[in-house]
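Student: Quick one: the structure is below, and I'll ask about it shortly.
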Amino acid sequence: MALAVAYLWATRRKNATLQITGICSSANSAATEETVPEKYRPFFVSMEQNAHAPVLDIAAFGRIKAGSEKPLSYPIAIADPSIMPRTYFQACGRDPTRDCTLVMEQTWRDAGVQTRLDVYASIPHVFWALGLSAMGQVKKHETDTRKGLLWLLSRPNKGAL
């Protein structure tokens with residue numbers, strides 16, 4: 001949702017006094033095999049690799065998949081990603097949507113967008129929301145999120161939201 005809102009703001013409010021200067025995107029599903037740019041398609045393999053992952057498998061993902069409106073549902077399809085504000089991405093390694101995040105981060109970085117990325121290898125989709133506070137990765141996620149948000153807030157532009 002944050003990606004779509006930032007896109008709408010960047011394209012419809014170009015001359016607004018206030019601008020969005022950062023996005024936090026955790027374990028997004030903002031890409032599909034059809035919307036990933038051709039040069040990144042060989043790297044879009046997590047849907048197959050993690051088809052039977054715990055928490056979110058490919059069957060469940062198919063039931064909750066976003067609409068087909070591009071680029072709102074699939075911001076990877078933004079024609080010029082350089083219009084987007086800097087973005088903090090988080091990806092879960094054992095997640096069908098892992099490469100949605102990884103490929104988008106690479107695409108945006110290649111377009112000149114400042115990005116930051118944290119990856120939680122071998123961990124399922126949004127593991128931090130499962131109530132497993134004793135799990136070491138949850139504590140790491142909390143620390144990383146705090147650092148990522150501070151990074152987003154660290155260099156505000158004049159008139160920023």
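How things are named: the first chain in the structure tokens is A, the next is B, and so on; residues count from 1 in each chain; ligands count from 1 in the order shown.
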Let's see if you can do this: from backbone DSSP, list all strand (DSSP E or B) residues in segment 46-98 of chain A, as a list of chain:residue names.

Tutor: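 So, restricting segment 46-98 of chain A to strand (DSSP E or B), we get A:Arg86, A:Thr87, A:Tyr88, A:Phe89, A:Gln90, A:Ala91, A:Cys92, A:Gly93, A:Arg94.
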
Student: For atom CA of Thr35 of chain A and atom CA of His125 of chain A, quote the distance in Å rounded to one decimal.

Tutor: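 Going from atom CA of Thr35 of chain A over to atom CA of His125 of chain A covers 21.0 Å.
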
Student: Go through A:Lys14, A:Cys92, A:Ala30, A:Pro37 one by one, measure the shortest atom-to-atom distance of each to Ser122 of chain A using only C-alpha atoms, and give the residue with the smallest value.

Tutor: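 Smallest distance to Ser122 of chain A is found for A:Cys92.
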
Student: Closest to Gly93 of chain A among A:Pro124, A:Pro71, A:Gly148, A:Pro42, using only C-alpha atoms?

Tutor: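 With only C-alpha atoms as the atom set, the closest residue is A:Pro124.
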
Student: Ranking A:Thr97, A:Gln106, A:Asn28, A:Ser82 by minimum distance to Ala51 of chain A and counting only C-alpha atoms, which one comes first?

Tutor: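 With only C-alpha atoms as the atom set, the closest residue is A:Thr97.
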
Student: Using only C-alpha atoms, which residue out of A:Tyr7, A:Phe89, A:Phe44, A:Trp108 lies closest to Leu72 of chain A?

Tutor: A:Tyr7

Student: Which residue gives the smallest distance to Val113 of chain A among A:Met135, A:Leu153, A:Leu56, A:Ile83, with only C-alpha atoms counted?

Tutor: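 For Val113 of chain A, the nearest of the given residues is A:Ile83.
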
Student: Report the distance between atom CA of Ser25 of chain A and atom CA of Thr101 of chain A in Å, rounded to one decimal place.

Tutor: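 If I compute the distance from atom CA of Ser25 of chain A to atom CA of Thr101 of chain A, I get 8.2 Å.
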
Student: Contacts of Ile123 of chain A at 10 Å or less, counting only C-alpha atoms, minus same-chain residues fewer than 2 places along, as a short mmCIF file (atom, residue, chain, number, x, y, z; two decimals) with N, CA and C atoms, in the first residue's frame?

Tutor:
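Contents of the output file around_13.cif:
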data_model
loop_
_atom_site.label_atom_id
_atom_site.label_comp_id
_atom_site.auth_asym_id
_atom_site.auth_seq_id
_atom_site.Cartn_x
_atom_site.Cartn_y
_atom_site.Cartn_z
N ALA A 53 6.20 -23.08 1.27
CA ALA A 53 6.74 -22.46 2.48
C ALA A 53 5.69 -22.39 3.58
N PRO A 54 6.14 -22.41 4.84
CA PRO A 54 5.18 -22.23 5.94
C PRO A 54 4.65 -20.80 5.96
N VAL A 55 3.55 -20.57 6.58
CA VAL A 55 2.87 -19.28 6.76
C VAL A 55 2.18 -18.83 5.48
N ALA A 91 12.96 -8.35 3.22
CA ALA A 91 12.55 -9.58 2.53
C ALA A 91 12.77 -10.78 3.43
N CYS A 92 11.87 -11.74 3.34
CA CYS A 92 11.98 -12.99 4.10
C CYS A 92 12.45 -14.08 3.14
N GLY A 93 13.48 -14.81 3.53
CA GLY A 93 14.10 -15.78 2.65
C GLY A 93 13.23 -16.96 2.25
N ARG A 94 12.40 -17.44 3.17
CA ARG A 94 11.55 -18.60 2.87
C ARG A 94 10.12 -18.14 2.63
N ASP A 95 9.98 -17.34 1.58
CA ASP A 95 8.74 -16.64 1.30
C ASP A 95 8.54 -16.61 -0.22
N VAL A 119 17.52 -8.69 4.66
CA VAL A 119 16.98 -9.99 4.26
C VAL A 119 17.11 -10.95 5.44
N TYR A 120 16.05 -11.70 5.68
CA TYR A 120 16.01 -12.68 6.76
C TYR A 120 15.97 -14.07 6.13
N ALA A 121 17.16 -14.66 5.95
CA ALA A 121 17.31 -15.93 5.25
C ALA A 121 16.58 -17.05 5.99
N HIS A 125 7.38 -15.70 5.54
CA HIS A 125 6.69 -14.44 5.33
C HIS A 125 6.23 -13.80 6.65
N VAL A 126 6.54 -12.55 6.82
CA VAL A 126 6.20 -11.71 7.99
C VAL A 126 6.30 -12.46 9.32
N PHE A 127 7.39 -13.16 9.51
CA PHE A 127 7.62 -13.97 10.71
C PHE A 127 7.50 -13.15 11.99
N TRP A 128 7.80 -11.85 11.93
CA TRP A 128 7.77 -11.01 13.12
C TRP A 128 6.36 -10.81 13.68
N GLN A 137 15.56 -13.95 15.38
CA GLN A 137 15.35 -13.14 14.18
C GLN A 137 14.32 -12.03 14.43
#

Student: Separation of atom CA of Leu152 of chain A and atom CA of Thr87 of chain A, in Å?

Tutor: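 Straight-line distance from atom CA of Leu152 of chain A to atom CA of Thr87 of chain A works out to 7.4 Å.
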
Student: Which of these residues is nearest to Ala59 of chain A, using only C-alpha atoms: A:Pro96, A:Ile23, A:Ala4, A:Glu34?

Tutor: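 Ranked by minimum distance to Ala59 of chain A, first place goes to A:Pro96.
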
Student: Quick one: everything within 9 Å of Val45 of chain A, counting only C-alpha atoms, minus sequence neighbours fewer than 5 positions away in the same chain. Send it as an NGL selection string.

Tutor: :A and (33 or 50 or 96 or 98-99)

Student: What does the file look like for those residues with N, CA and C atoms, as a JSON list (two decimals), in the first residue's frame?

Tutor:
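Saved file selection.json follows:
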[["chain", "number", "residue", "atom", "x", "y", "z"],
["A", 33, "GLU", "N", 5.65, -12.46, -12.21],
["A", 33, "GLU", "CA", 6.54, -12.86, -13.30],
["A", 33, "GLU", "C", 6.29, -12.01, -14.55],
["A", 50, "ASN", "N", 9.84, -21.41, -3.13],
["A", 50, "ASN", "CA", 9.13, -21.39, -1.84],
["A", 50, "ASN", "C", 7.64, -21.69, -1.98],
["A", 96, "PRO", "N", 7.38, -17.00, -0.72],
["A", 96, "PRO", "CA", 7.15, -16.92, -2.17],
["A", 96, "PRO", "C", 7.33, -15.49, -2.70],
["A", 98, "ARG", "N", 9.57, -13.32, -1.71],
["A", 98, "ARG", "CA", 10.93, -12.82, -1.47],
["A", 98, "ARG", "C", 11.47, -12.03, -2.67],
["A", 99, "ASP", "N", 11.37, -12.61, -3.86],
["A", 99, "ASP", "CA", 11.96, -11.96, -5.02],
["A", 99, "ASP", "C", 11.17, -10.76, -5.52]]
